[in-house]
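Enquirer: Have a look at the structure that comes next, please.
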Amino acid sequence: MADALQTLYAALMVVSGVASVSGNLLLLLVLLLNRELRTDTLGLTLSFGASDLALGLSAIPFGAYNSLAWPSRYASEGAFCQGSGFILLLLQTSSVHSLTWAAVDKFTEICFALSYRSIWTAGRCRAALVLVWSFGLVNAALPLLGFGSYVYSESRFLCCPSFTPDNRSFVALWMSTGVVAPILTVCSLYGYIVYVARKQARRGTFVCNELHCYHVPANNYLRSSVVMVTTSVCLLACWLPYVSVCLYETFSGHQSPAVTSALSAWLVLTSAALNPWITCMTQTRYRAAVRRSVRRLIQMCLCSGTPLESRPQSSALHLDATNRISTTTTTTTAATRPPSPPKTPTRPTRPSLSCT
């Protein structure tokens, strides 16, 4: 690969690494600082967030460094390369499967709303996490046990599974169960939810409270499905080139062009950078949580920057006198003010999708 393309690849890797680390750290901090976002299935979001963060700290900087280092070669049989390939495959598999279980959770919440609490309990969420990571460990350990192999790819600048005809059984097993099946599951579930949203938008829905009923605009339903469409499109765009190139190399026995291999590897690692930003930027409750967290951090910084000793003592006396005056004025005004009319009930803002 030409030096200019190697430099471009390294720059793209650096950008993806920064976006992955910052986005996943933001997502994890928002989840931990806002109690209203903590549910029984919080572990699923934490799982793919932690996997993507680890990819941004390990595989992406490794690829960027190797594309600029000379010579960029590692002994495929060495412990470092074998360990790097193991970590890469483990994190990729756990990220995709955690995202799949999060999609199953969203589908259950919408289509089985009445029995959702009994279906997704904390114990079942922990069981799903154990299943995800156990499956990822087994898949990543198979090349170390002789079923498949890890090699250093000079076109991808990474230690990854060997995509050669000798390892077609392992590649077919990992691609089918570790990548293709989860991605198809996510796209199918989200596609059905979007179909339900469009059907409800065409039919029209009324949301009622104690006194009034309001018609819900069609845009509300379509807006609530943006995150699902965006997640599905990004999954397909990032993983489809990588899967196609790997299967072509495995079953044809020919090496794909170096530019194609490098671009597909960068795209599949970029999915770790896109997932947290999609979650934070396309969901209203996450955007509100991010704003609250940022305001809280700004207030903490401002309060810590103004020491209490620098405040004059007379300000406390002035504040006390002001409070007494304002209390007296408020009491007098309230006694002479006519009673206010009762408040009208607030209008509901967001609908909830239902598969019925």
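Residues in the structure tokens are named by chain (A, B, ... in the order shown) and by number from 1 within that chain; ligands are numbered from 1 in the order shown.
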Which neighbours of A:Gln6 fall inside 6 Å, counting only C-alpha atoms, when residues of the same chain fewer than 3 positions from it are skipped, and could you give them as an NGL selection string?
Expert: :A and (3 or 9 or 67)
Enquirer: Please save C-alpha atoms of the selected residues as a PDB file, in the first residue's frame.
Expert:
ATOM      1  CA  ASP A   3       2.589   5.730   1.870  1.00  0.00           C
ATOM      2  CA  TYR A   9      -5.643   4.937   7.018  1.00  0.00           C
ATOM      3  CA  SER A  67       0.138   1.537   9.452  1.00  0.00           C
TER       4      SER A  67
END
Enquirer: Mind running stretch 91-162 of chain A against stretch 252-264 of chain A at 9 Å and telling me each contacting residue's nearest atom pair with the distance in Å (one decimal), counting only C-alpha atoms, chain and number ascending, as a tab-separated table?
Expert:
residue	atom	partner	partner_atom	distance
A:Glu154	CA	A:Ala258	CA	8.3
A:Ser155	CA	A:Ala258	CA	4.9
A:Arg156	CA	A:Ala262	CA	4.7
A:Phe157	CA	A:Ala262	CA	7.8
Enquirer: Write the residues you've just listed into a file as a tab-separated table (two decimals), in the first residue's frame, and include N, CA, C and O atoms for each of them.
Expert:
chain	number	residue	atom	x	y	z
A	154	GLU	N	-1.17	-7.89	6.75
A	154	GLU	CA	-0.44	-6.70	6.33
A	154	GLU	C	-1.32	-5.68	5.63
A	154	GLU	O	-0.97	-4.50	5.58
A	155	SER	N	-2.45	-6.09	5.10
A	155	SER	CA	-3.36	-5.14	4.45
A	155	SER	C	-4.30	-4.48	5.46
A	155	SER	O	-4.76	-3.36	5.23
A	156	ARG	N	-4.59	-5.15	6.57
A	156	ARG	CA	-5.46	-4.58	7.61
A	156	ARG	C	-4.68	-4.00	8.77
A	156	ARG	O	-5.26	-3.33	9.63
A	157	PHE	N	-3.38	-4.30	8.85
A	157	PHE	CA	-2.50	-3.82	9.93
A	157	PHE	C	-2.99	-4.27	11.30
A	157	PHE	O	-2.85	-3.56	12.28
Enquirer: Select, from A:Ile278, A:Cys125, A:Leu12, A:Cys160, the residue with the minimum atom-to-atom distance to A:Thr39, counting only C-alpha atoms.
Expert: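 That would be A:Cys125, the residue with the smallest distance to A:Thr39.
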Enquirer: Skip A:Met13 itself and residues of its chain fewer than 5 positions away, then list as an mmCIF file with C-alpha atoms, in the first residue's frame all residues within 10 Å of it, counting only C-alpha atoms.
Expert:
data_model
loop_
_atom_site.group_PDB
_atom_site.id
_atom_site.type_symbol
_atom_site.label_atom_id
_atom_site.label_comp_id
_atom_site.auth_asym_id
_atom_site.auth_seq_id
_atom_site.Cartn_x
_atom_site.Cartn_y
_atom_site.Cartn_z
ATOM 1 C CA THR A 7 -1.149 7.828 6.271
ATOM 2 C CA LEU A 8 -4.817 8.262 5.376
ATOM 3 C CA VAL A 18 -11.059 9.402 19.544
ATOM 4 C CA ALA A 19 -14.770 9.197 18.671
ATOM 5 C CA GLY A 56 -11.243 2.071 20.902
ATOM 6 C CA ALA A 59 -7.483 -2.497 18.386
ATOM 7 C CA ILE A 60 -7.888 0.948 16.821
ATOM 8 C CA PRO A 61 -4.613 2.472 18.181
ATOM 9 C CA PHE A 62 -2.837 -0.791 17.289
ATOM 10 C CA GLY A 63 -3.954 -0.499 13.660
ATOM 11 C CA ALA A 64 -3.036 3.191 13.466
ATOM 12 C CA TYR A 65 0.457 2.553 14.843
ATOM 13 C CA SER A 67 0.138 1.537 9.452
ATOM 14 C CA ALA A 265 -11.358 -3.140 8.527
ATOM 15 C CA TRP A 266 -11.660 0.577 9.296
ATOM 16 C CA LEU A 267 -15.415 0.512 8.729
ATOM 17 C CA LEU A 269 -13.971 -0.731 13.814
ATOM 18 C CA THR A 270 -15.790 2.544 13.200
#
Enquirer: Do you know which residues are at most 12 Å from A:Ile119 counting only C-alpha atoms, after dropping those on the same chain fewer than 2 positions away, and could you put them as a short mmCIF file (atom, residue, chain, number, x, y, z; two decimals) with N, CA and C atoms, in the first residue's frame?
Expert:
data_model
loop_
_atom_site.label_atom_id
_atom_site.label_comp_id
_atom_site.auth_asym_id
_atom_site.auth_seq_id
_atom_site.Cartn_x
_atom_site.Cartn_y
_atom_site.Cartn_z
N ASP A 40 -33.59 -2.62 34.80
CA ASP A 40 -33.10 -3.98 35.00
C ASP A 40 -32.23 -4.45 33.85
N THR A 41 -32.40 -3.85 32.68
CA THR A 41 -31.62 -4.25 31.50
C THR A 41 -30.48 -3.27 31.21
N VAL A 104 -33.59 -6.87 21.34
CA VAL A 104 -34.65 -7.77 21.83
C VAL A 104 -35.38 -7.14 23.02
N ASP A 105 -34.62 -6.49 23.89
CA ASP A 105 -35.23 -5.80 25.03
C ASP A 105 -36.18 -4.69 24.57
N PHE A 107 -37.70 -4.45 21.65
CA PHE A 107 -38.84 -5.09 20.99
C PHE A 107 -39.84 -5.62 22.02
N THR A 108 -39.35 -6.24 23.08
CA THR A 108 -40.24 -6.76 24.12
C THR A 108 -40.95 -5.63 24.85
N GLU A 109 -40.24 -4.54 25.10
CA GLU A 109 -40.84 -3.40 25.80
C GLU A 109 -41.99 -2.79 25.00
N CYS A 111 -43.72 -4.34 22.13
CA CYS A 111 -44.74 -5.28 21.65
C CYS A 111 -45.36 -6.12 22.76
N PHE A 112 -44.72 -6.20 23.91
CA PHE A 112 -45.27 -6.95 25.04
C PHE A 112 -45.21 -6.08 26.29
N ALA A 113 -45.82 -4.90 26.16
CA ALA A 113 -45.70 -3.90 27.22
C ALA A 113 -46.31 -4.38 28.53
N LEU A 114 -47.42 -5.09 28.48
CA LEU A 114 -48.10 -5.50 29.71
C LEU A 114 -47.31 -6.55 30.48
N SER A 115 -46.61 -7.41 29.79
CA SER A 115 -45.86 -8.47 30.46
C SER A 115 -44.35 -8.22 30.42
N TYR A 116 -43.94 -7.00 30.08
CA TYR A 116 -42.51 -6.71 29.93
C TYR A 116 -41.76 -6.89 31.25
N ARG A 117 -42.33 -6.42 32.36
CA ARG A 117 -41.65 -6.51 33.65
C ARG A 117 -41.44 -7.95 34.08
N THR A 121 -36.49 -9.60 33.66
CA THR A 121 -36.13 -9.37 35.05
C THR A 121 -34.62 -9.19 35.16
N ALA A 122 -34.16 -8.75 36.32
CA ALA A 122 -32.73 -8.55 36.52
C ALA A 122 -31.96 -9.86 36.39
N GLY A 123 -32.55 -10.95 36.89
CA GLY A 123 -31.89 -12.25 36.78
C GLY A 123 -31.73 -12.71 35.34
N ARG A 124 -32.76 -12.52 34.52
CA ARG A 124 -32.66 -12.92 33.11
C ARG A 124 -31.71 -12.03 32.34
N CYS A 125 -31.62 -10.77 32.71
CA CYS A 125 -30.65 -9.89 32.06
C CYS A 125 -29.23 -10.35 32.38
#
